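Structure record follows, encoded as structure tokens.
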Amino acid sequence: MIPECIAALGATQVVAMDHAATGVVASVSLAPETILDAVAVLDKEGYLLEDVMASDLKEGFEVTYHFSLFEGKSRLVLRLIVSHDAPKVPSISGIYPGADWHERECFDFFGIDFTGHPNLHHLLLAEDFEGHPLVKAENSRKALVDVMPQPWLVAVGLAAPEAPKVEKIPAAAAGAKE
Amino acid sequence: MHDAFDSAIRGDLSSARFEPGPTEDKLILSMGPQHPSTHGVLRIMLELEGEYILRAEPILGYIHRMHEWMAEQKTYLQFIPNMGRVDYLHAMAWNWAYAGAVERLAGIEVPERAEYIRVAVTELNRISSHLVWWGAYLLDLGAFTPILYAFDDREQILDILQSATGSRLTYSYITIGGVYDDVPDDFRERCIEFVNRLRSRLPMYRDLVTDNVILRGRCEGIGVLPVDMARRYGATGPVLRGSGVASDVRRCEPYGVYDRFEFRVPTYPEGDAMARYKVRLDELEASCDIVEQVVSSLPEGPVTAKVSRVFKPPKGEACMAVEGARGKILVHVRSDGGLKPYRVKLRAPGFSNMSLFSELAQGVLLADAVSILGSLDLVIPEIDR
Amino acid sequence: MKRIKKAFTGLKSLAVGLGVTGRAFYAKNVTVIYPKEEVDNLASYRGHVELVGKEDAPDVPKCVACGSCAKACPSNAFTILCPVPPKEGEAASDPPVMGPAPQRGAKTPSKFILDFSLCSLCGQCVKTCPTKGLRFSNDPYLVSFTREDLKLDLLARLHSQAANSQPVPVPDTESVDK
Amino acid sequence: MNALLLLLTHPAARLVLWLVLVFAFIGFNAIILVWVERKVAGYVQLRPGPLHVGPQGLLQPLVDGIKLMGKQLVTPAQGDKVLFWAAPLLAFAPAIVCFLPLPFDARFKPLPMNLGLVLILAFSGLGVLSLCLAGWGSNNKWSLLGAARSVAQAVAYEVPLLLCVLAVAICTGSLDLYAIAGHQGAWPWQWYAVKNPLAFFIFLVCAVAETNRAPFDLPEGESELTGGFHTEYSGMGFGLFFMAEYANMVIVAAVAAALFLGGWQGPFLPGIWWFLLKIYSILFFIIWLRWTFPRVRFDQLLNISWKWLTPLALFDFALAVIVVSIRSMK
């Protein structure tokens with residue numbers, strides 16, 4: 001069950017997910033530049049920011065934002081991918097001040113640069129800590145194809161459909177990312 | 001020697017942000033990392049004028065243990081003991097969140113008896129967590145005795161939990177596929193006995209503390225948190241419900257068998273420290289109700305699903321939200337189909353609740369800041385992870 | 001007038017509070033005065049693990065030195081040693097070289113050490129043991145000044161338990177104190 | 001021998017003897033009170049309190065005292081050494097002087113004077129100075145906040161305290177504690193606590209505030225100020241503050257007993273026992289308060305004083321003046 005406001009997010013892909021299997025109702029892929037507009041829409045809809053999570057993949061750093069409403073099974077995941085070389089993401093802490101610390105945490109662990117963040121320095125790690133502990137070695141990075149559930153891969157066209165269970169929502173900008 | 005002393009006075013990166021600017025009558029104060037009411041090792045930089053706080057900035061990381069990195073080094077089952085140590089006061093909920101996320105990932109069906117036992121122990125654990133918060137909050141406000149009364153009651157819970165799990169604080173009881181072991185035969189009687197005992201004690205709590213005029217003076221109208229601000233900061237749990245939003249994971253996305261039980265989600269619209277206080281005290285009763293219903297309808301059956309010794313979930317990702325004593329716990333697990341998780345992310349409710357503090361503490365008295373800090377119910381290991 | 005009334009209810013609440021603590025004066029103490037008294041719920045306590053002896057020969061462990069507990073342990077608390085079988089063409093050395101379990105041909109452990117300072121009592125070893133050869137002891141009185149003392153020789157423990165002639169207590173992890 | 005006895009009746013000799021007795025009493029009393037405090041705390045909290053050193057843990061405070069003496073005395077770097085160490089002495093010294101005019105028994109007058117009450121009020125004001133110096137001399141921001149609180153608190157509570165003491169003094173027409181106590185009878189209905197309960201209540205509240213006891217222990221407020229003015233003190237520096245606190249408690253309890261509970265007078269028992277009994281009942285009450293209530297906030301504390309206690313005390317004082325003048329007209 002996908003909320004209507006999702007159409008306004010400017011997503012590259014929207015995939016409805018099975019809440020019982022993944023805990024989210026929809027996965028929304030975005031281009032990094034459009035995150036601020038998308039988050040502003042969610043803010044207007046009354047979404048609560050749960051967390052900002054990053055993970056290190058072959059394609060780059062994937063940054064995911066989890067939002068949910070006060071009521072019902074409503075968790076949305078916004079995902080965007082930035083390159084390893086210049087990991088820059090616009091900071092959403094201006095809209096959701098609670099993102100401030102989550103973004104600092106991502107900076108700590110992955111070295112992702114949240115542009116426009118008011119105070120981007122170490123939060124959990126010591127201030128003289130060097131490096132970013134959750135960044136993986138080149139050879140142990142996995143591609144998106146290896147860590148995403150099958151229905152999602154099918155929906156975005158990264159895998160051949162085996163069991164056509166999940167409906168694909170035609171997105172504004174077509175075409176799979178990769 | 002003198003250089004070392006000078007640099008100690010100059011402070012660090014965090015205090016440096018406070019140094020420029022203060023004038024004659026401002027005081028830059030580092031509250032913590034060792035301070036009686038920062039509960040563990042939280043540090044807050046304060047800029048004071050007299051006793052009024054102009055600016056407050058929490059500084060975290062003093063007991064950061066990098067649980068998320070540890071998760072990537074261990075197998076799925078081996079990570080379970082870590083979860084109890086994230087939030088030692090409500091270890092069961094964290095265990096459940098992690099086990100639940102992995103179960104979603106692997107599509108494991110948990111036996112019904114295990115689900116019931118999970119609810120019972122998690123609710124008992126929630127009561128014990130709220131009791132510790134109650135005592136510690138009053139300790140922050142200068143009352144010494146309530147914490148010992150609370151601990152007296154908490155010991156009874158720990159005895160029950162020990163009889164089922166074998167330990168008293170970090171249980172590792174809820175595992176992937178069910179629970180570690182079955183509960184003892186007299187579990188039901190002991191739970192009922194405890195619930196009755198706690199219910200008879202609650203009027204005493206009210207007389208001694210809740211109605212106390214000094215406590216009301218310290219809590220009412222302090223740290224008022226509007227709903228919109230709570231939402232933007234991602235506040236959850238009793239902090240959000242103290243602002244009048246009846247949002248509870250057990251209700252809105254029921255996990256386990258929570259949808260089979262009747263319970264109240266207490267809310268108070270005031271949004272102040274007293275409202276958060278009252279929400280937690282009401283939750284004691286709500287949890288008692290749940291425990292009572294669970295143990296009186298505990299089904300028979302196995303308590304663990306078959307999980308292979310070499311456990312490899314299929315690739316994919318899943319997250320699981322659980323209502324912890326402090327709010328919404330969210331555990332994401334990402335699998336590449338191997339023995340170890342590819343990425344585990346722990347969303348600690350205290351982390352978001354704590355980030356409110358800077359804004360709430362602006363312009364209040366130092367003593368009120370202590371009261372606000374206590375009313376957020378922080379467990380620092382959970383925030384630092 | 002309203003404020004005066006409020007002041008009086010306030011004073012009354014203080015008196016009520018004094019009454020509560022006053023009643024506690026003649027209530028019974030709840031403290032257990034250790035070491036004069038001891039707590040009575042140790043039967044359900046799960047302390048460090050210990051080896052289980054065979055029913056017919058209590059000083060021979062059920063353990064078959066497969067090493068799965070050592071593998072399951074999240075914190076590498078086990079050191080299980082067995083004689084390494086000599087390589088082809090080499091004579092067996094005396095004393096035999098010891099290596100971590102499992103070793104070909106070794107059916108019982110020669111050394112079974114638990115480093116309790118690493119153990120977090122999660123019970124993965126007990127769960128994983130194929131022969132049910134491990135169980136929790138319920139001994140909380142384990143105090144030491146050095147880490148070395150916490151390296152428990154579980155084989156020696158089993159032998160002394162068997163030698164103390166008492167029939168090895170029935171595995172009792174599920175029983176309750178009262 | 002006779003000459004020696006004669007010497008003892010000399011005022012100076014009696015003063016010296018009294019001072020020695022006071023020292024002994026303060027020390028002994030601190031030990032007893034610490035024990036009582038911990039026992040009360042224990043019983044209130046459903047535990048036995050000190051138990052192992054001596055019978056019922058009676059010697060525990062003594063052992064703690066020895067431990068305190070054995071501790072290293074640390075002066076904070078960049079603190080003011082002189083002020084820092086003068087403060088605990090200054091806290092302790094006035095407490096001794098204040099013992100001089102206390103009416104332990106009618107036959108027992110170390111220093112004949114008719115302004116005993118004034119002496120106590122004057123010297124007890126000095127205690128604030130010591131807290132202030134301790135806070136300033138420590139060069140610690142928490143201590144400074146504690147010192148600032150203690151000054152404001154002492155100033156606020158001195159006013160209603162003086163007013164309700166005066167209300168009693170006017171009724172008796174004397175400032176001598178012996179005379180005031182003697183003016184009342186041996187039975188409760190002859191005491192000012194019954195004749196003027198409002199003044200007694202205000203005095204008790206002010207007494208708790210003046211001795212910085214919970215729920216008015218803001219200058220130390222350990223959950224806010226980590227110990228306030230005595231954050232930096234170790235060993236006997238802290239010990240002296242501690243002793244002074246208990247000595248001050250005894251003094252306010254003794255003044256309350258003399259002003260409101262008829263002093264040493266009571267049936268059957270000798271006077272000194274009655275006096276001690278009354279002192280310890282009040283002390284017990286103060287200790288009981290501490291283990292029951294949360295701490296009030298700073299502005300609430302001042303509001304209680306300025307908005308409630310001071311007007312009430314003024315009203316009480318006026319009432320006392322009217323009653324006395326009507327009585328004298330007859």
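How things are named: the first chain in the structure tokens is A, the next is B, and so on; residues count from 1 in each chain; ligands count from 1 in the order shown.
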Could you write out as a PDB file with C-alpha atoms, in the first residue's frame the residues of chain D within 9 Å of chain C, counting only C-alpha atoms?
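That gives us part-v8.pdb:
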ATOM      1  CA  VAL D  40      17.108   6.353  59.358  1.00  0.00           C
ATOM      2  CA  GLY D  42      18.391   2.560  55.933  1.00  0.00           C
ATOM      3  CA  TYR D  43      15.091   1.889  57.625  1.00  0.00           C
ATOM      4  CA  VAL D  44      13.229   4.249  55.347  1.00  0.00           C
ATOM      5  CA  GLN D  45      14.716   2.426  52.378  1.00  0.00           C
ATOM      6  CA  LEU D  46      13.910  -1.049  53.693  1.00  0.00           C
ATOM      7  CA  ARG D  47      17.505  -1.924  54.477  1.00  0.00           C
ATOM      8  CA  PRO D  48      19.386  -2.170  57.741  1.00  0.00           C
ATOM      9  CA  TRP D 288      13.289  12.076  57.967  1.00  0.00           C
ATOM     10  CA  LEU D 289      12.478  14.976  55.633  1.00  0.00           C
ATOM     11  CA  TRP D 291      15.031  10.879  52.927  1.00  0.00           C
ATOM     12  CA  THR D 292      11.501  11.564  51.747  1.00  0.00           C
ATOM     13  CA  PHE D 293      11.433  14.551  49.435  1.00  0.00           C
TER      14      PHE D 293
END
Pull the alpha helix (DSSP H) assignments for region 263-384 of chain B out of DSSP run on the backbone, and list those residues as an MDAnalysis selection string. chainID B and resid 273:296 349:355 357:360 366:375 380:384
Using only C-alpha atoms, determine which residues lie at most 12 Å from Arg232 (chain B), disregarding the query and same-chain residues fewer than 6 positions distant; provide the list as a PyMOL selection string. (chain A and resi 39-40+42-51+67-70+92-100) or (chain B and resi 225-226+240+352-353+355-356)
Region 310-318 of chain D: which residues within 9 Å, counting only C-alpha atoms, same-chain residues fewer than 6 positions away excluded, as a PDB file with N, CA and C atoms, in the first residue's frame?
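The result, stored in around35.pdb:
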ATOM      1  N   ALA D 156      17.667  34.975  51.910  1.00  0.00           N
ATOM      2  CA  ALA D 156      16.214  34.859  51.833  1.00  0.00           C
ATOM      3  C   ALA D 156      15.631  34.272  53.107  1.00  0.00           C
ATOM      4  N   TYR D 157      16.294  33.293  53.675  1.00  0.00           N
ATOM      5  CA  TYR D 157      15.681  32.607  54.806  1.00  0.00           C
ATOM      6  C   TYR D 157      16.006  33.227  56.154  1.00  0.00           C
ATOM      7  N   VAL D 159      15.447  36.225  56.856  1.00  0.00           N
ATOM      8  CA  VAL D 159      14.399  37.203  57.171  1.00  0.00           C
ATOM      9  C   VAL D 159      13.227  36.560  57.928  1.00  0.00           C
ATOM     10  N   PRO D 160      12.558  35.557  57.356  1.00  0.00           N
ATOM     11  CA  PRO D 160      11.458  34.945  58.117  1.00  0.00           C
ATOM     12  C   PRO D 160      11.935  34.300  59.410  1.00  0.00           C
ATOM     13  N   LEU D 161      13.160  33.787  59.403  1.00  0.00           N
ATOM     14  CA  LEU D 161      13.696  33.179  60.626  1.00  0.00           C
ATOM     15  C   LEU D 161      13.765  34.211  61.736  1.00  0.00           C
ATOM     16  N   LEU D 162      14.348  35.366  61.435  1.00  0.00           N
ATOM     17  CA  LEU D 162      14.467  36.415  62.442  1.00  0.00           C
ATOM     18  C   LEU D 162      13.094  36.860  62.926  1.00  0.00           C
ATOM     19  N   LEU D 163      12.160  36.999  61.976  1.00  0.00           N
ATOM     20  CA  LEU D 163      10.839  37.495  62.346  1.00  0.00           C
ATOM     21  C   LEU D 163      10.146  36.536  63.311  1.00  0.00           C
ATOM     22  N   CYS D 164      10.261  35.240  63.042  1.00  0.00           N
ATOM     23  CA  CYS D 164       9.511  34.355  63.937  1.00  0.00           C
ATOM     24  C   CYS D 164      10.255  34.164  65.257  1.00  0.00           C
ATOM     25  N   VAL D 165      11.587  34.331  65.245  1.00  0.00           N
ATOM     26  CA  VAL D 165      12.309  34.313  66.519  1.00  0.00           C
ATOM     27  C   VAL D 165      11.912  35.532  67.342  1.00  0.00           C
ATOM     28  N   LEU D 166      11.805  36.670  66.663  1.00  0.00           N
ATOM     29  CA  LEU D 166      11.425  37.902  67.356  1.00  0.00           C
ATOM     30  C   LEU D 166      10.025  37.797  67.947  1.00  0.00           C
ATOM     31  N   ALA D 167       9.133  37.135  67.208  1.00  0.00           N
ATOM     32  CA  ALA D 167       7.768  36.994  67.719  1.00  0.00           C
ATOM     33  C   ALA D 167       7.781  36.317  69.080  1.00  0.00           C
ATOM     34  N   VAL D 168       8.648  35.333  69.240  1.00  0.00           N
ATOM     35  CA  VAL D 168       8.746  34.650  70.534  1.00  0.00           C
ATOM     36  C   VAL D 168       9.433  35.547  71.552  1.00  0.00           C
ATOM     37  N   ILE D 170       9.517  38.692  71.749  1.00  0.00           N
ATOM     38  CA  ILE D 170       8.624  39.762  72.214  1.00  0.00           C
ATOM     39  C   ILE D 170       7.671  39.232  73.279  1.00  0.00           C
ATOM     40  N   ASN D 196       2.036  29.275  69.556  1.00  0.00           N
ATOM     41  CA  ASN D 196       2.289  29.980  68.296  1.00  0.00           C
ATOM     42  C   ASN D 196       2.782  28.991  67.249  1.00  0.00           C
ATOM     43  N   LEU D 198       2.352  28.682  64.119  1.00  0.00           N
ATOM     44  CA  LEU D 198       2.794  29.227  62.838  1.00  0.00           C
ATOM     45  C   LEU D 198       4.280  29.559  62.887  1.00  0.00           C
ATOM     46  N   ALA D 199       4.686  30.222  63.975  1.00  0.00           N
ATOM     47  CA  ALA D 199       6.089  30.598  64.110  1.00  0.00           C
ATOM     48  C   ALA D 199       6.965  29.340  64.175  1.00  0.00           C
ATOM     49  N   ILE D 202       7.296  27.949  60.644  1.00  0.00           N
ATOM     50  CA  ILE D 202       8.202  28.762  59.824  1.00  0.00           C
ATOM     51  C   ILE D 202       9.636  28.558  60.283  1.00  0.00           C
ATOM     52  N   ILE D 304       9.317  30.441  47.940  1.00  0.00           N
ATOM     53  CA  ILE D 304       8.736  29.984  49.203  1.00  0.00           C
ATOM     54  C   ILE D 304       9.049  30.989  50.295  1.00  0.00           C
TER      55      ILE D 304
END
Near Arg75 (chain A), counting only C-alpha atoms, which residues have an atom at most 12 Å away, once you skip same-chain residues fewer than 5 positions from it, shown as a ChimeraX atom specification? /A:1-3,16-20,22-28,42,47-51,65-70 /B:249,252-253,318-321,330
Any chance you could export the current selection's C-alpha atoms as a PDB file, in the first residue's frame?
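out.pdb, written as the output of this step:
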ATOM      1  CA  MET A   1       0.000   0.000   0.000  1.00  0.00           C
ATOM      2  CA  ILE A   2       1.818   3.050  -1.255  1.00  0.00           C
ATOM      3  CA  PRO A   3       0.837   6.527  -0.066  1.00  0.00           C
ATOM      4  CA  ALA A  16       6.227  -1.522  -3.264  1.00  0.00           C
ATOM      5  CA  MET A  17       7.658  -3.860  -0.652  1.00  0.00           C
ATOM      6  CA  ASP A  18       6.097  -6.548   1.463  1.00  0.00           C
ATOM      7  CA  HIS A  19       5.943  -5.216   5.013  1.00  0.00           C
ATOM      8  CA  ALA A  20       5.834  -8.679   6.531  1.00  0.00           C
ATOM      9  CA  THR A  22      11.085  -6.439   4.895  1.00  0.00           C
ATOM     10  CA  GLY A  23       9.472  -4.095   7.392  1.00  0.00           C
ATOM     11  CA  VAL A  24       8.972  -1.301   4.839  1.00  0.00           C
ATOM     12  CA  VAL A  25       6.057  -0.576   2.555  1.00  0.00           C
ATOM     13  CA  ALA A  26       7.890   1.118  -0.269  1.00  0.00           C
ATOM     14  CA  SER A  27      11.390   1.646  -1.449  1.00  0.00           C
ATOM     15  CA  VAL A  28      12.027   4.929  -3.218  1.00  0.00           C
ATOM     16  CA  LEU A  42       7.483  14.062   3.398  1.00  0.00           C
ATOM     17  CA  TYR A  47       6.369  11.866   8.340  1.00  0.00           C
ATOM     18  CA  LEU A  48       8.676  11.170  11.252  1.00  0.00           C
ATOM     19  CA  LEU A  49      12.350  10.678  10.572  1.00  0.00           C
ATOM     20  CA  GLU A  50      13.496   7.360  11.918  1.00  0.00           C
ATOM     21  CA  ASP A  51      17.074   7.201  10.858  1.00  0.00           C
ATOM     22  CA  TYR A  65      16.507   7.406   4.972  1.00  0.00           C
ATOM     23  CA  HIS A  66      13.689   5.776   6.884  1.00  0.00           C
ATOM     24  CA  PHE A  67      10.477   7.669   7.422  1.00  0.00           C
ATOM     25  CA  SER A  68       7.225   6.617   8.964  1.00  0.00           C
ATOM     26  CA  LEU A  69       3.962   8.131  10.030  1.00  0.00           C
ATOM     27  CA  PHE A  70       2.697   8.154  13.589  1.00  0.00           C
TER      28      PHE A  70
ATOM     29  CA  VAL B 249       4.839   0.264  17.458  1.00  0.00           C
ATOM     30  CA  CYS B 252       0.575   0.580  14.607  1.00  0.00           C
ATOM     31  CA  GLU B 253       2.692  -2.184  13.161  1.00  0.00           C
ATOM     32  CA  ALA B 318      14.859  -6.412   6.271  1.00  0.00           C
ATOM     33  CA  CYS B 319      14.166  -4.184   9.172  1.00  0.00           C
ATOM     34  CA  MET B 320      12.159  -4.682  12.296  1.00  0.00           C
ATOM     35  CA  ALA B 321      10.687  -2.052  14.578  1.00  0.00           C
ATOM     36  CA  LEU B 330      14.708  -0.256  14.543  1.00  0.00           C
TER      37      LEU B 330
END
Which chain B residues are at most 8 Å from chain A (counting only C-alpha atoms), as a ChimeraX atom specification? /B:13,59-62,64,69,101,104-105,107,231-234,245-248,251-253,315-321,334-337,342-343,345,347,352,355-356,384
Write out as an MDAnalysis selection string the residues lying within 10 Å of Glu148 (chain C), counting only C-alpha atoms and excluding same-chain residues fewer than 6 positions away. chainID C and resid 115:117
Output N, CA and C atoms for every residue in that selection, as a compact mmCIF listing (two decimals), in the first residue's frame.
# COMPACT_ATOMS: atom_id res chain seq x y z
N ASP C 115 37.88 -19.61 28.96
CA ASP C 115 38.35 -18.32 29.50
C ASP C 115 37.12 -17.52 29.90
N PHE C 116 36.79 -17.57 31.19
CA PHE C 116 35.54 -16.96 31.64
C PHE C 116 35.57 -15.44 31.53
N SER C 117 36.77 -14.88 31.49
CA SER C 117 36.84 -13.42 31.38
C SER C 117 36.34 -12.95 30.01
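Comparing the minimum interatomic distances between chain D and each of B:Glu72, B:Asp153, B:Glu103, B:Glu193, counting only C-alpha atoms, we find that B:Asp153 sits nearest.
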Quick one: which residues from chain D are at most 12 Å off chain B, using only C-alpha atoms, as a PyMOL selection string? chain D and resi 40-47+77-78+140-146+148-149+213-228+231+288-301+303-304
Same residues, C-alpha atoms, saved as a PDB file, in the first residue's frame:
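Result went into result-v1.pdb, see below:
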ATOM      1  CA  VAL D  40      17.108   6.353  59.358  1.00  0.00           C
ATOM      2  CA  ALA D  41      17.989   6.293  55.676  1.00  0.00           C
ATOM      3  CA  GLY D  42      18.391   2.560  55.933  1.00  0.00           C
ATOM      4  CA  TYR D  43      15.091   1.889  57.625  1.00  0.00           C
ATOM      5  CA  VAL D  44      13.229   4.249  55.347  1.00  0.00           C
ATOM      6  CA  GLN D  45      14.716   2.426  52.378  1.00  0.00           C
ATOM      7  CA  LEU D  46      13.910  -1.049  53.693  1.00  0.00           C
ATOM      8  CA  ARG D  47      17.505  -1.924  54.477  1.00  0.00           C
ATOM      9  CA  ALA D  77      45.516  24.214  40.895  1.00  0.00           C
ATOM     10  CA  GLN D  78      44.846  27.915  40.369  1.00  0.00           C
ATOM     11  CA  ASN D 140      35.630  25.483  40.126  1.00  0.00           C
ATOM     12  CA  LYS D 141      32.550  26.553  38.276  1.00  0.00           C
ATOM     13  CA  TRP D 142      30.257  24.123  40.054  1.00  0.00           C
ATOM     14  CA  SER D 143      31.546  25.365  43.403  1.00  0.00           C
ATOM     15  CA  LEU D 144      30.975  28.924  42.338  1.00  0.00           C
ATOM     16  CA  LEU D 145      27.376  28.196  41.394  1.00  0.00           C
ATOM     17  CA  GLY D 146      26.922  26.486  44.748  1.00  0.00           C
ATOM     18  CA  ALA D 148      26.086  31.864  44.700  1.00  0.00           C
ATOM     19  CA  ARG D 149      23.096  29.725  45.575  1.00  0.00           C
ATOM     20  CA  ARG D 213      19.530  20.209  54.368  1.00  0.00           C
ATOM     21  CA  ALA D 214      17.384  18.430  51.813  1.00  0.00           C
ATOM     22  CA  PRO D 215      14.934  19.353  50.355  1.00  0.00           C
ATOM     23  CA  PHE D 216      16.694  22.724  50.484  1.00  0.00           C
ATOM     24  CA  ASP D 217      20.244  21.454  49.924  1.00  0.00           C
ATOM     25  CA  LEU D 218      20.775  23.560  46.834  1.00  0.00           C
ATOM     26  CA  PRO D 219      24.324  24.765  47.542  1.00  0.00           C
ATOM     27  CA  GLU D 220      25.554  21.202  47.297  1.00  0.00           C
ATOM     28  CA  GLY D 221      22.742  19.720  45.164  1.00  0.00           C
ATOM     29  CA  GLU D 222      24.868  16.830  43.996  1.00  0.00           C
ATOM     30  CA  SER D 223      22.662  15.796  41.098  1.00  0.00           C
ATOM     31  CA  GLU D 224      22.900  19.284  39.653  1.00  0.00           C
ATOM     32  CA  LEU D 225      26.128  20.786  40.927  1.00  0.00           C
ATOM     33  CA  THR D 226      28.083  17.578  41.605  1.00  0.00           C
ATOM     34  CA  GLY D 227      28.546  18.604  45.226  1.00  0.00           C
ATOM     35  CA  GLY D 228      28.397  22.386  44.849  1.00  0.00           C
ATOM     36  CA  THR D 231      33.166  19.640  45.106  1.00  0.00           C
ATOM     37  CA  TRP D 288      13.289  12.076  57.967  1.00  0.00           C
ATOM     38  CA  LEU D 289      12.478  14.976  55.633  1.00  0.00           C
ATOM     39  CA  ARG D 290      15.732  14.496  53.795  1.00  0.00           C
ATOM     40  CA  TRP D 291      15.031  10.879  52.927  1.00  0.00           C
ATOM     41  CA  THR D 292      11.501  11.564  51.747  1.00  0.00           C
ATOM     42  CA  PHE D 293      11.433  14.551  49.435  1.00  0.00           C
ATOM     43  CA  PRO D 294      12.930  15.632  46.144  1.00  0.00           C
ATOM     44  CA  ARG D 295      14.912  18.833  46.000  1.00  0.00           C
ATOM     45  CA  VAL D 296      13.133  22.088  45.220  1.00  0.00           C
ATOM     46  CA  ARG D 297      14.347  24.290  42.438  1.00  0.00           C
ATOM     47  CA  PHE D 298      16.287  27.423  43.148  1.00  0.00           C
ATOM     48  CA  ASP D 299      13.655  29.961  42.171  1.00  0.00           C
ATOM     49  CA  GLN D 300      10.963  27.947  43.932  1.00  0.00           C
ATOM     50  CA  LEU D 301      13.080  28.006  47.067  1.00  0.00           C
ATOM     51  CA  ASN D 303       9.618  32.054  46.178  1.00  0.00           C
ATOM     52  CA  ILE D 304       8.736  29.984  49.203  1.00  0.00           C
TER      53      ILE D 304
END
At a cut-off of 7 Å, can you tabulate as JSON lines every residue of chain B near chain C together with its closest atom pair and the distance in Å to one decimal, using only C-alpha atoms and ordering rows by chain then number?
{"residue": "B:Lys74", "atom": "CA", "partner": "C:Pro74", "partner_atom": "CA", "distance": 6.9}
{"residue": "B:Gln78", "atom": "CA", "partner": "C:Pro74", "partner_atom": "CA", "distance": 4.7}
{"residue": "B:Pro81", "atom": "CA", "partner": "C:Cys122", "partner_atom": "CA", "distance": 5.8}
{"residue": "B:Gln162", "atom": "CA", "partner": "C:Ser44", "partner_atom": "CA", "distance": 6.4}
{"residue": "B:Ser163", "atom": "CA", "partner": "C:Ser44", "partner_atom": "CA", "distance": 5.1}
{"residue": "B:Gly166", "atom": "CA", "partner": "C:Arg46", "partner_atom": "CA", "distance": 4.6}
{"residue": "B:Ser167", "atom": "CA", "partner": "C:Tyr45", "partner_atom": "CA", "distance": 6.1}
{"residue": "B:Ser172", "atom": "CA", "partner": "C:Cys122", "partner_atom": "CA", "distance": 5.5}
{"residue": "B:Pro184", "atom": "CA", "partner": "C:Glu174", "partner_atom": "CA", "distance": 6.0}
{"residue": "B:Asp207", "atom": "CA", "partner": "C:Gly17", "partner_atom": "CA", "distance": 6.0}
{"residue": "B:Leu208", "atom": "CA", "partner": "C:Gly17", "partner_atom": "CA", "distance": 4.4}
{"residue": "B:Asp211", "atom": "CA", "partner": "C:Ser13", "partner_atom": "CA", "distance": 6.2}
{"residue": "B:Asn212", "atom": "CA", "partner": "C:Ser13", "partner_atom": "CA", "distance": 5.2}
{"residue": "B:Val213", "atom": "CA", "partner": "C:Gly10", "partner_atom": "CA", "distance": 4.9}
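Interatomic distance, CA of Gly157 (chain A) to CA of Ser29 (chain A): 13.4 Å.
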Excluding Phe104 (chain D) and its own-chain neighbours fewer than 5 positions away, which residues fall within 9 Å of it when counting only C-alpha atoms? Please give them as a list of chain:residue names. D:Lys109, D:Tyr178, D:Ala254, D:Ala258, D:Gly263, D:Trp264, D:Gly271, D:Ile272, D:Trp273, D:Trp274, D:Phe275, D:Leu276
Which residue, C:Leu134, C:Val39, C:Ala106, C:Met98, has the smallest gap to Ala70 (chain C) when you use only C-alpha atoms? C:Leu134
